[in-house]
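*Asks:* You'll find run21.cif just under this line, and it carries mmCIF, C-alpha atoms and all ligand atoms.
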```
data_my_file
loop_
_atom_site.group_PDB
_atom_site.id
_atom_site.type_symbol
_atom_site.label_atom_id
_atom_site.label_comp_id
_atom_site.auth_asym_id
_atom_site.auth_seq_id
_atom_site.Cartn_x
_atom_site.Cartn_y
_atom_site.Cartn_z
ATOM 1 C CA MET A 1 -148.886 -31.931 94.796
ATOM 2 C CA GLY A 2 -149.526 -35.600 94.240
ATOM 3 C CA LEU A 3 -147.350 -38.481 95.315
ATOM 4 C CA ALA A 4 -145.535 -38.433 92.001
ATOM 5 C CA ALA A 5 -144.566 -34.812 92.495
ATOM 6 C CA ALA A 6 -143.471 -35.504 96.086
ATOM 7 C CA ALA A 7 -141.282 -38.312 94.853
ATOM 8 C CA SER A 8 -139.790 -36.116 92.195
ATOM 9 C CA VAL A 9 -138.804 -33.494 94.772
ATOM 10 C CA SER A 10 -136.930 -35.998 96.894
ATOM 11 C CA HIS A 11 -135.533 -37.657 93.781
ATOM 12 C CA ASN A 12 -134.228 -34.290 92.609
ATOM 13 C CA ARG A 13 -132.799 -33.386 96.000
ATOM 14 C CA ALA A 14 -129.602 -31.915 94.810
ATOM 15 C CA ARG A 15 -126.052 -31.645 95.940
ATOM 16 C CA ALA A 16 -123.789 -28.740 95.181
ATOM 17 C CA ALA A 17 -120.634 -29.148 93.151
ATOM 18 C CA ASP A 18 -118.716 -29.442 96.434
ATOM 19 C CA GLY A 19 -120.958 -32.346 97.464
ATOM 20 C CA SER A 20 -122.706 -30.593 100.333
ATOM 21 C CA PRO A 21 -126.469 -31.152 100.489
ATOM 22 C CA SER A 22 -128.880 -28.228 100.267
ATOM 23 C CA ARG A 23 -132.436 -28.121 101.538
ATOM 24 C CA THR A 24 -133.282 -24.941 99.679
ATOM 25 C CA LEU A 25 -135.904 -25.301 96.942
ATOM 26 C CA TYR A 26 -135.530 -23.303 93.750
ATOM 27 C CA ILE A 27 -138.910 -22.373 92.277
ATOM 28 C CA ALA A 28 -139.200 -20.915 88.780
ATOM 29 C CA ALA A 29 -142.469 -18.975 88.610
ATOM 30 C CA TYR A 30 -144.218 -16.820 86.025
ATOM 31 C CA ASP A 31 -146.875 -14.149 86.473
ATOM 32 C CA THR A 32 -148.759 -14.772 83.243
ATOM 33 C CA GLU A 33 -150.932 -11.741 82.780
ATOM 34 C CA SER A 34 -151.103 -10.219 79.300
ATOM 35 C CA PRO A 35 -151.841 -11.174 75.675
ATOM 36 C CA ASN A 36 -148.099 -11.115 74.967
ATOM 37 C CA CYS A 37 -147.520 -13.869 77.523
ATOM 38 C CA LEU A 38 -148.752 -16.711 75.293
ATOM 39 C CA ALA A 39 -145.963 -16.490 72.713
ATOM 40 C CA ALA A 40 -143.476 -16.071 75.538
ATOM 41 C CA CYS A 41 -144.824 -19.088 77.410
ATOM 42 C CA LYS A 42 -144.263 -21.292 74.359
ATOM 43 C CA LYS A 43 -140.549 -20.486 74.529
ATOM 44 C CA ILE A 44 -140.423 -20.756 78.320
ATOM 45 C CA VAL A 45 -142.131 -24.146 78.345
ATOM 46 C CA ALA A 46 -139.677 -25.444 75.732
ATOM 47 C CA VAL A 47 -136.727 -24.478 77.957
ATOM 48 C CA HIS A 48 -138.329 -26.102 80.994
ATOM 49 C CA LYS A 49 -139.044 -29.341 79.175
ATOM 50 C CA GLN A 50 -135.568 -29.491 77.706
ATOM 51 C CA LEU A 51 -133.950 -28.952 81.099
ATOM 52 C CA GLU A 52 -136.594 -30.895 83.082
ATOM 53 C CA MET A 53 -137.194 -27.918 85.334
ATOM 54 C CA PRO A 54 -140.482 -27.688 87.212
ATOM 55 C CA ALA A 55 -142.307 -24.356 87.366
ATOM 56 C CA THR A 56 -145.381 -22.626 88.697
ATOM 57 C CA PHE A 57 -147.407 -20.574 86.229
ATOM 58 C CA PHE A 58 -149.670 -18.029 87.915
ATOM 59 C CA LEU A 59 -152.385 -17.318 85.347
ATOM 60 C CA VAL A 60 -154.692 -14.316 85.152
ATOM 61 C CA GLY A 61 -158.198 -15.675 84.536
ATOM 62 C CA ARG A 62 -158.933 -13.411 81.593
ATOM 63 C CA THR A 63 -155.596 -14.263 79.988
ATOM 64 C CA LEU A 64 -156.406 -17.950 80.277
ATOM 65 C CA GLU A 65 -159.969 -17.432 79.065
ATOM 66 C CA ALA A 66 -158.699 -15.749 75.877
ATOM 67 C CA ASN A 67 -156.533 -18.751 74.907
ATOM 68 C CA ALA A 68 -157.724 -21.624 77.084
ATOM 69 C CA ALA A 69 -157.036 -24.458 74.632
ATOM 70 C CA GLU A 70 -153.490 -23.298 73.928
ATOM 71 C CA TYR A 71 -152.638 -22.803 77.594
ATOM 72 C CA LYS A 72 -154.116 -26.186 78.415
ATOM 73 C CA MET A 73 -151.945 -27.857 75.807
ATOM 74 C CA LEU A 74 -148.833 -25.954 76.912
ATOM 75 C CA LEU A 75 -149.110 -26.369 80.659
ATOM 76 C CA SER A 76 -150.716 -29.792 81.074
ATOM 77 C CA ASP A 77 -147.452 -31.418 82.081
ATOM 78 C CA PRO A 78 -146.388 -32.996 85.386
ATOM 79 C CA LEU A 79 -143.504 -30.505 85.522
ATOM 80 C CA PHE A 80 -145.894 -27.599 85.900
ATOM 81 C CA GLU A 81 -148.206 -26.245 88.541
ATOM 82 C CA VAL A 82 -150.944 -23.901 87.345
ATOM 83 C CA ALA A 83 -152.094 -21.412 89.971
ATOM 84 C CA SER A 84 -154.061 -18.171 90.019
ATOM 85 C CA HIS A 85 -152.849 -14.633 89.376
ATOM 86 C CA THR A 86 -156.381 -13.249 90.028
ATOM 87 C CA TRP A 87 -159.217 -12.924 87.534
ATOM 88 C CA SER A 88 -158.232 -9.639 85.876
ATOM 89 C CA HIS A 89 -155.130 -8.379 87.687
ATOM 90 C CA LYS A 90 -156.945 -5.940 89.965
ATOM 91 C CA LEU A 91 -155.431 -5.028 93.333
ATOM 92 C CA LEU A 92 -156.695 -6.865 96.435
ATOM 93 C CA CYS A 93 -154.957 -4.444 98.843
ATOM 94 C CA ASP A 94 -153.421 -0.987 98.552
ATOM 95 C CA ASN A 95 -149.863 -0.861 97.200
ATOM 96 C CA ALA A 96 -147.897 2.382 97.611
ATOM 97 C CA MET A 97 -146.259 2.001 94.180
ATOM 98 C CA CYS A 98 -149.136 0.509 92.183
ATOM 99 C CA GLY A 99 -152.451 1.891 93.472
ATOM 100 C CA LYS A 100 -155.543 1.246 95.573
ATOM 101 C CA ALA A 101 -157.523 -1.897 96.284
ATOM 102 C CA VAL A 102 -160.740 -2.526 94.350
ATOM 103 C CA SER A 103 -164.257 -2.938 95.824
ATOM 104 C CA PRO A 104 -165.349 -5.964 97.901
ATOM 105 C CA GLU A 105 -167.397 -7.303 94.978
ATOM 106 C CA GLU A 106 -164.434 -7.064 92.633
ATOM 107 C CA LYS A 107 -162.131 -8.744 95.180
ATOM 108 C CA ARG A 108 -164.530 -11.689 95.284
ATOM 109 C CA ASP A 109 -164.343 -12.112 91.505
ATOM 110 C CA GLU A 110 -160.564 -11.710 91.459
ATOM 111 C CA ILE A 111 -160.087 -14.460 94.061
ATOM 112 C CA LEU A 112 -162.813 -16.985 93.202
ATOM 113 C CA LYS A 113 -163.382 -16.803 89.439
ATOM 114 C CA SER A 114 -159.786 -17.412 88.409
ATOM 115 C CA LYS A 115 -159.497 -20.533 90.570
ATOM 116 C CA ALA A 116 -162.759 -21.908 89.172
ATOM 117 C CA LEU A 117 -161.687 -21.363 85.559
ATOM 118 C CA ILE A 118 -158.233 -22.921 86.087
ATOM 119 C CA GLU A 119 -159.805 -26.006 87.657
ATOM 120 C CA GLN A 120 -162.341 -26.263 84.848
ATOM 121 C CA VAL A 121 -159.717 -25.947 82.092
ATOM 122 C CA PHE A 122 -156.931 -28.050 83.604
ATOM 123 C CA GLU A 123 -159.136 -30.523 85.486
ATOM 124 C CA ARG A 124 -156.936 -30.441 88.565
ATOM 125 C CA PRO A 125 -156.946 -28.441 91.804
ATOM 126 C CA CYS A 126 -155.646 -24.874 91.823
ATOM 127 C CA VAL A 127 -154.131 -24.484 95.298
ATOM 128 C CA GLY A 128 -152.282 -21.171 95.082
ATOM 129 C CA LEU A 129 -153.000 -17.482 94.546
ATOM 130 C CA ARG A 130 -150.508 -14.785 93.658
ATOM 131 C CA PRO A 131 -152.297 -11.440 93.994
ATOM 132 C CA ALA A 132 -151.609 -8.855 91.282
ATOM 133 C CA VAL A 133 -148.475 -6.764 92.049
ATOM 134 C CA GLY A 134 -148.102 -8.163 95.595
ATOM 135 C CA PHE A 135 -147.574 -6.295 98.864
ATOM 136 C CA ASP A 136 -144.812 -5.494 101.316
ATOM 137 C CA THR A 137 -146.489 -7.226 104.280
ATOM 138 C CA GLY A 138 -148.266 -9.945 102.330
ATOM 139 C CA LEU A 139 -151.917 -10.254 103.381
ATOM 140 C CA LYS A 140 -151.279 -9.596 107.079
ATOM 141 C CA GLY A 141 -154.248 -7.729 108.511
ATOM 142 C CA ALA A 142 -156.283 -8.045 105.281
ATOM 143 C CA ALA A 143 -159.181 -9.860 106.983
ATOM 144 C CA ASP A 144 -161.609 -9.430 104.083
ATOM 145 C CA VAL A 145 -159.163 -10.817 101.516
ATOM 146 C CA LEU A 146 -158.145 -13.704 103.756
ATOM 147 C CA ALA A 147 -161.807 -14.625 104.290
ATOM 148 C CA LEU A 148 -162.300 -14.854 100.509
ATOM 149 C CA VAL A 149 -159.084 -16.845 100.104
ATOM 150 C CA ARG A 150 -160.364 -19.295 102.742
ATOM 151 C CA GLU A 151 -163.772 -19.480 101.079
ATOM 152 C CA ALA A 152 -162.138 -20.257 97.732
ATOM 153 C CA GLY A 153 -160.097 -23.041 99.339
ATOM 154 C CA TYR A 154 -156.579 -21.966 98.422
ATOM 155 C CA ARG A 155 -153.788 -23.612 100.410
ATOM 156 C CA TYR A 156 -151.255 -20.875 99.863
ATOM 157 C CA VAL A 157 -150.866 -17.285 98.711
ATOM 158 C CA SER A 158 -147.700 -15.764 97.290
ATOM 159 C CA SER A 159 -148.367 -12.129 98.087
ATOM 160 C CA LEU A 160 -145.239 -10.905 99.880
ATOM 161 C CA LEU A 161 -143.411 -9.610 96.806
ATOM 162 C CA TRP A 162 -141.791 -6.356 97.984
ATOM 163 C CA GLY A 163 -139.148 -5.372 100.479
ATOM 164 C CA PRO A 164 -139.870 -3.188 103.518
ATOM 165 C CA ASP A 165 -141.701 0.082 102.810
ATOM 166 C CA CYS A 166 -142.620 -1.165 99.330
ATOM 167 C CA SER A 167 -138.984 -1.297 98.221
ATOM 168 C CA MET A 168 -137.116 -3.486 95.755
ATOM 169 C CA PRO A 169 -135.699 -6.070 95.973
ATOM 170 C CA ALA A 170 -138.094 -8.316 97.896
ATOM 171 C CA LEU A 171 -135.928 -9.863 100.603
ATOM 172 C CA ILE A 172 -135.437 -13.612 100.902
ATOM 173 C CA GLU A 173 -138.290 -14.110 103.348
ATOM 174 C CA ALA A 174 -139.212 -17.600 104.524
ATOM 175 C CA PRO A 175 -142.763 -18.991 104.343
ATOM 176 C CA PHE A 176 -145.132 -18.293 107.226
ATOM 177 C CA HIS A 177 -148.757 -19.129 107.949
ATOM 178 C CA TYR A 178 -151.612 -16.755 108.654
ATOM 179 C CA GLY A 179 -152.499 -18.220 112.061
ATOM 180 C CA ALA A 180 -152.243 -14.762 113.644
ATOM 181 C CA ASP A 181 -154.952 -13.647 111.193
ATOM 182 C CA GLY A 182 -157.189 -16.623 111.908
ATOM 183 C CA SER A 183 -155.973 -18.801 109.007
ATOM 184 C CA PRO A 184 -153.427 -21.259 110.426
ATOM 185 C CA GLY A 185 -153.836 -23.601 107.453
ATOM 186 C CA LEU A 186 -153.033 -20.923 104.880
ATOM 187 C CA TRP A 187 -149.387 -20.407 103.965
ATOM 188 C CA GLU A 188 -147.630 -17.351 102.638
ATOM 189 C CA LEU A 189 -144.929 -18.394 100.205
ATOM 190 C CA PRO A 190 -143.060 -15.174 99.372
ATOM 191 C CA GLY A 191 -141.420 -14.235 96.086
ATOM 192 C CA HIS A 192 -137.912 -12.791 96.135
ATOM 193 C CA GLY A 193 -135.653 -10.338 94.387
ATOM 194 C CA TRP A 194 -136.838 -7.952 91.730
ATOM 195 C CA HIS A 195 -139.991 -7.798 89.691
ATOM 196 C CA GLU A 196 -137.760 -8.358 86.655
ATOM 197 C CA ASN A 197 -139.762 -5.913 84.519
ATOM 198 C CA LEU A 198 -138.596 -3.120 86.861
ATOM 199 C CA LEU A 199 -134.949 -4.190 86.530
ATOM 200 C CA LYS A 200 -135.242 -3.484 82.778
ATOM 201 C CA ASP A 201 -137.538 -0.458 82.865
ATOM 202 C CA ASN A 202 -140.048 -2.546 80.906
ATOM 203 C CA ASN A 203 -142.869 -0.691 82.707
ATOM 204 C CA ARG A 204 -141.399 2.619 81.483
ATOM 205 C CA TRP A 205 -141.488 3.965 85.027
ATOM 206 C CA GLY A 206 -138.011 5.488 84.695
ATOM 207 C CA PRO A 207 -136.085 6.269 87.877
ATOM 208 C CA LYS A 208 -138.143 5.767 91.034
ATOM 209 C CA ARG A 209 -137.673 5.861 94.817
ATOM 210 C CA LEU A 210 -137.545 2.097 94.854
ATOM 211 C CA THR A 211 -134.655 0.919 97.044
ATOM 212 C CA LEU A 212 -134.367 0.955 100.815
ATOM 213 C CA TRP A 213 -131.697 2.831 102.735
ATOM 214 C CA PRO A 214 -129.814 1.489 104.543
ATOM 215 C CA SER A 215 -130.180 -1.541 102.313
ATOM 216 C CA PRO A 216 -130.289 -4.998 103.914
ATOM 217 C CA MET A 217 -129.097 -6.466 100.569
ATOM 218 C CA PRO A 218 -126.974 -3.899 98.712
ATOM 219 C CA GLU A 219 -125.353 -6.678 96.682
ATOM 220 C CA GLY A 220 -128.802 -7.326 95.147
ATOM 221 C CA ILE A 221 -129.168 -3.774 93.816
ATOM 222 C CA PRO A 222 -127.547 -3.072 90.424
ATOM 223 C CA THR A 223 -126.430 0.501 89.755
ATOM 224 C CA LYS A 224 -128.497 0.806 86.565
ATOM 225 C CA PHE A 225 -131.126 -0.938 84.470
ATOM 226 C CA VAL A 226 -129.899 -4.326 83.258
ATOM 227 C CA LYS A 227 -129.053 -4.428 79.558
ATOM 228 C CA THR A 228 -128.271 -8.079 78.739
ATOM 229 C CA PRO A 229 -129.431 -11.547 79.821
ATOM 230 C CA ASP A 230 -126.103 -11.993 81.594
ATOM 231 C CA ASP A 231 -126.612 -8.713 83.508
ATOM 232 C CA GLU A 232 -129.928 -10.093 84.697
ATOM 233 C CA PHE A 233 -128.418 -13.443 85.630
ATOM 234 C CA GLN A 234 -125.734 -11.679 87.684
ATOM 235 C CA VAL A 235 -128.514 -10.107 89.770
ATOM 236 C CA ASN A 236 -130.410 -13.401 90.035
ATOM 237 C CA ARG A 237 -127.412 -15.358 91.248
ATOM 238 C CA VAL A 238 -127.066 -13.132 94.312
ATOM 239 C CA PHE A 239 -130.486 -14.243 95.532
ATOM 240 C CA LEU A 240 -129.943 -17.920 94.730
ATOM 241 C CA GLU A 241 -126.576 -17.984 96.495
ATOM 242 C CA LYS A 242 -127.773 -16.048 99.558
ATOM 243 C CA ALA A 243 -130.833 -18.282 99.955
ATOM 244 C CA ARG A 244 -128.610 -21.318 99.969
ATOM 245 C CA GLU A 245 -125.988 -19.750 102.242
ATOM 246 C CA TRP A 246 -128.683 -18.711 104.729
ATOM 247 C CA GLY A 247 -130.417 -22.113 104.595
ATOM 248 C CA LYS A 248 -133.751 -20.635 103.478
ATOM 249 C CA PRO A 249 -136.586 -23.057 102.622
ATOM 250 C CA HIS A 250 -136.868 -21.645 99.110
ATOM 251 C CA VAL A 251 -135.914 -18.961 96.651
ATOM 252 C CA SER A 252 -138.152 -17.771 93.807
ATOM 253 C CA LEU A 253 -137.687 -14.752 91.554
ATOM 254 C CA ILE A 254 -140.620 -12.702 90.238
ATOM 255 C CA TRP A 255 -140.849 -13.169 86.481
ATOM 256 C CA HIS A 256 -143.307 -12.126 83.758
ATOM 257 C CA PRO A 257 -143.380 -13.932 80.394
ATOM 258 C CA TRP A 258 -144.201 -10.774 78.371
ATOM 259 C CA SER A 259 -141.257 -8.920 79.880
ATOM 260 C CA LEU A 260 -138.792 -11.819 79.649
ATOM 261 C CA ASN A 261 -139.589 -12.274 75.962
ATOM 262 C CA ALA A 262 -139.335 -8.564 75.146
ATOM 263 C CA PHE A 263 -135.897 -8.377 76.754
ATOM 264 C CA ASP A 264 -134.409 -11.787 75.969
ATOM 265 C CA PRO A 265 -136.274 -13.517 73.119
ATOM 266 C CA ASP A 266 -133.840 -16.459 73.189
ATOM 267 C CA MET A 267 -134.513 -17.032 76.921
ATOM 268 C CA LYS A 268 -130.790 -17.173 77.642
ATOM 269 C CA MET A 269 -131.313 -15.848 81.161
ATOM 270 C CA LEU A 270 -133.479 -18.854 82.006
ATOM 271 C CA GLU A 271 -130.780 -21.286 80.961
ATOM 272 C CA LEU A 272 -128.103 -19.396 82.905
ATOM 273 C CA THR A 273 -130.255 -19.218 86.027
ATOM 274 C CA PHE A 274 -131.410 -22.843 85.961
ATOM 275 C CA ALA A 275 -127.879 -24.118 85.387
ATOM 276 C CA HIS A 276 -126.650 -22.065 88.315
ATOM 277 C CA ALA A 277 -129.462 -23.240 90.604
ATOM 278 C CA ARG A 278 -128.424 -26.821 89.908
ATOM 279 C CA ARG A 279 -124.711 -26.010 90.152
ATOM 280 C CA ILE A 280 -125.048 -24.667 93.680
ATOM 281 C CA GLY A 281 -127.255 -27.559 94.782
ATOM 282 C CA LEU A 282 -130.729 -26.028 94.948
ATOM 283 C CA THR A 283 -133.634 -28.429 94.487
ATOM 284 C CA PRO A 284 -136.021 -27.541 91.632
ATOM 285 C CA ALA A 285 -139.671 -27.532 92.728
ATOM 286 C CA THR A 286 -143.028 -25.770 92.424
ATOM 287 C CA PHE A 287 -144.839 -23.581 94.932
ATOM 288 C CA ALA A 288 -147.343 -26.420 95.433
ATOM 289 C CA ASP A 289 -144.413 -28.644 96.470
ATOM 290 C CA LEU A 290 -143.298 -26.015 98.967
ATOM 291 C CA ALA A 291 -146.836 -25.590 100.357
ATOM 292 C CA LYS A 292 -147.035 -29.330 100.902
ATOM 293 C CA GLN A 293 -143.646 -29.355 102.605
ATOM 294 C CA MET A 294 -144.648 -26.520 104.950
ATOM 295 C CA ALA A 295 -147.965 -28.209 105.839
ATOM 296 C CA VAL A 296 -146.195 -31.480 106.633
ATOM 297 C CA GLY A 297 -143.718 -29.608 108.845
ATOM 298 C CA GLN A 298 -146.629 -27.912 110.638
ATOM 299 C CA ALA A 299 -148.493 -31.146 111.393
HETATM 300 ZN ZN ZN B 301 -148.954 -9.510 87.683
#
```
Kindly present the structure from the file in structure tokens form.
Ligand SMILES: [Zn+2]
*Replies:*
Amino acid sequence: MGLAAAASVSHNRARAADGSPSRTLYIAAYDTESPNCLAACKKIVAVHKQLEMPATFFLVGRTLEANAAEYKMLLSDPLFEVASHTWSHKLLCDNAMCGKAVSPEEKRDEILKSKALIEQVFERPCVGLRPAVGFDTGLKGAADVLALVREAGYRYVSSLLWGPDCSMPALIEAPFHYGADGSPGLWELPGHGWHENLLKDNNRWGPKRLTLWPSPMPEGIPTKFVKTPDDEFQVNRVFLEKAREWGKPHVSLIWHPWSLNAFDPDMKMLELTFAHARRIGLTPATFADLAKQMAVGQA
């Protein structure tokens, strides 16, 4: 984040309708990972520009490579952070729901090549990595992956994207650094709530053993797949309101352009969610803003 972005965070520091200040950041973020994401991103970017909402786009390297000029034109805007979603969406660690980690050589490509391409295309630093699918303990104990993340020079990862025991939803975890794993300067900035594609059965998984019992957040678990943009918003608002109520540093839902567009081509859910974030006094920001804030607090 540059000085301009820092100023915009404090400038946007919001107050709720009741006038009480909130220190919770709201971060819109998109795991941009398939050919269908480009058309979706055009609609998403239009909503963000209209509403002046910042966002972080985590790009898969191969997805960017396939349409570099178009993504550059779309996302070269001070509202947006562009970060990495790996080179080709391969797993850096085992995930009980999604499969096994790839080889050491492949991990190196996944972590380093995407960052290099983003920096070449956008001509600005890429400071964050969201590993494909994410993990229920982040990168804790993943010494080989953390060494590559350090080598690449990322300032943060957003890898804690599941609840305990690989359940949904991901709880509203606060950022932490990887000092216990030898990387005190590297921050984990978790994602929260549902991988929205699972809420809609857009992966065609059908019913799965996905929720935890007893649930620490039963109010965040709908009884069935969501059917409308408003259904989805009603799930989202639980996480936004709880993050604010609990005074969390941030809240960020786990969204995928291809899935959002397939379910809600008018992007109504985005408008509902952004309006609510502002209504309850959350401060719009990017993950890079949050990483900067955490590093300043650590110093
Ligand atoms: Zn992904």
*Asks:* Pick out the residues no farther than 10 Å from ligand ZN 301 (chain B), counting only C-alpha atoms and all ligand atoms, and list them as a list in words.
*Replies:* Tyr30, Asp31, Thr32, Glu33, Ser34, Phe58, Leu59, Val60, His85, Thr86, Ser88, His89, Lys90, Leu91, Arg130, Pro131, Ala132, Val133, Gly134, His195, Ile254, Trp255 and His256 of chain A
*Asks:* Starting from the displayed file, determine the output of the PyMOL selection byres (((chain A and resi 107-124) around 7) and not hetatm) and express the residue list as an MDAnalysis selection string.
*Replies:* chainID A and resid 60:61 68 72 76 84 86:88 90 92 102:106 125:126 148:149 152
*Asks:* Write the residues of the preceding selection, restricted to C-alpha atoms, as an mmCIF file, in the frame of the given file.
*Replies:*
```
data_model
loop_
_atom_site.group_PDB
_atom_site.id
_atom_site.type_symbol
_atom_site.label_atom_id
_atom_site.label_comp_id
_atom_site.auth_asym_id
_atom_site.auth_seq_id
_atom_site.Cartn_x
_atom_site.Cartn_y
_atom_site.Cartn_z
ATOM 1 C CA VAL A 60 -154.692 -14.316 85.152
ATOM 2 C CA GLY A 61 -158.198 -15.675 84.536
ATOM 3 C CA ALA A 68 -157.724 -21.624 77.084
ATOM 4 C CA LYS A 72 -154.116 -26.186 78.415
ATOM 5 C CA SER A 76 -150.716 -29.792 81.074
ATOM 6 C CA SER A 84 -154.061 -18.171 90.019
ATOM 7 C CA THR A 86 -156.381 -13.249 90.028
ATOM 8 C CA TRP A 87 -159.217 -12.924 87.534
ATOM 9 C CA SER A 88 -158.232 -9.639 85.876
ATOM 10 C CA LYS A 90 -156.945 -5.940 89.965
ATOM 11 C CA LEU A 92 -156.695 -6.865 96.435
ATOM 12 C CA VAL A 102 -160.740 -2.526 94.350
ATOM 13 C CA SER A 103 -164.257 -2.938 95.824
ATOM 14 C CA PRO A 104 -165.349 -5.964 97.901
ATOM 15 C CA GLU A 105 -167.397 -7.303 94.978
ATOM 16 C CA GLU A 106 -164.434 -7.064 92.633
ATOM 17 C CA PRO A 125 -156.946 -28.441 91.804
ATOM 18 C CA CYS A 126 -155.646 -24.874 91.823
ATOM 19 C CA LEU A 148 -162.300 -14.854 100.509
ATOM 20 C CA VAL A 149 -159.084 -16.845 100.104
ATOM 21 C CA ALA A 152 -162.138 -20.257 97.732
#
```
*Asks:* Tell me which residues the PyMOL selection byres (((chain A and resi 55) around 7) and not hetatm) grabs here, as a list in words.
*Replies:*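 Expected selection for the PyMOL selection byres (((chain A and resi 55) around 7) and not hetatm) here is Ile27, Ala28, Ala29, Met53, Pro54, Thr56, Phe57, Leu79, Phe80, Glu81, Ala285 and Thr286 of chain A.
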*Asks:* Show me the residues around (-139.5, -17.2, 94.5) - criterion: an atom at most 6 Å away, all atoms listed in the file counted - as a list in words.
*Replies:*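 Counting all atoms listed in the file, I find these residues within 6 Å of (-139.5, -17.2, 94.5): Ile27, Gly191, His192, Val251, Ser252 and Leu253 of chain A.
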*Asks:* Run through the PyMOL selection byres (((chain A and resi 277-279) around 7) and not hetatm) on the given coordinates and return the selected residues as a PyMOL selection string.
*Replies:* chain A and resi 16-17+26+240+273-276+280-282
*Asks:* Rounded to one decimal in Å, what is the spacing between CA of Asp266 in chain A and CA of Trp162 in chain A?
*Replies:*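 Computing the Euclidean distance for CA of Asp266 in chain A and CA of Trp162 in chain A yields 27.9 Å.
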*Asks:* Taking the point (-131.3, -0.5, 93.3) as given in the file, collect each protein or nucleic acid residue that comes within 6 Å of it, counting only C-alpha atoms, and present the set as a ChimeraX atom specification.
*Replies:* /A:211,221-222
*Asks:* List as an mmCIF file with C-alpha atoms, in the frame of the given file the protein and nucleic acid residues near Leu210 in chain A, meaning an atom at most 7 Å away when only C-alpha atoms are counted, but skip any in the same chain fewer than 2 places from it.
*Replies:*
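This is the output file out17.cif:
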```cif
data_model
loop_
_atom_site.group_PDB
_atom_site.id
_atom_site.type_symbol
_atom_site.label_atom_id
_atom_site.label_comp_id
_atom_site.auth_asym_id
_atom_site.auth_seq_id
_atom_site.Cartn_x
_atom_site.Cartn_y
_atom_site.Cartn_z
ATOM 1 C CA SER A 167 -138.984 -1.297 98.221
ATOM 2 C CA MET A 168 -137.116 -3.486 95.755
ATOM 3 C CA LYS A 208 -138.143 5.767 91.034
ATOM 4 C CA LEU A 212 -134.367 0.955 100.815
#
```
*Asks:* Record the distance separating CA of Glu65 in chain A and CA of Ala101 in chain A, expressed in Å with one decimal.
*Replies:* 23.3 Å
*Asks:* Considering all atoms listed in the file, can you say which of A:Val226, A:Val235, A:Leu186, A:Leu129 comes closest to Ala295 in chain A?
*Replies:*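 The answer is A:Leu186, which sits nearest to Ala295 in chain A.
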*Asks:* Of the residues A:Arg244, A:Lys140, A:Lys200, A:Lys49, which is the one nearest to Phe176 in chain A, using all atoms listed in the file?
*Replies:*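 Counting all atoms listed in the file, the residue closest to Phe176 in chain A is A:Lys140.
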*Asks:* Record the distance separating CA of Gly99 in chain A and CA of Thr137 in chain A, expressed in Å with one decimal.
*Replies:*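 Distance reported for this atom pair: 15.3 Å.
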*Asks:* Can you work out which one of A:Pro35, A:Gly128, A:Asn67, A:Thr283 has the shortest atom-to-atom distance to Val82 in chain A, counting only C-alpha atoms?
*Replies:*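 Closest residue, counting only C-alpha atoms: A:Gly128.
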*Asks:* Near Pro216 in chain A, within 10 Å and counting all atoms listed in the file, which residues show up once chain neighbours fewer than 2 positions away are dropped, as a PyMOL selection string?
*Replies:* chain A and resi 163-164+169+171+212-214+218-220
*Asks:* For each of A:Glu173, A:Glu70, A:Asp94, A:Glu52, take the minimum atom-to-atom distance to Lys242 in chain A, counting all atoms listed in the file, then give the residue where this is smallest.
*Replies:*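 For Lys242 in chain A, the nearest of the given residues is A:Glu173.
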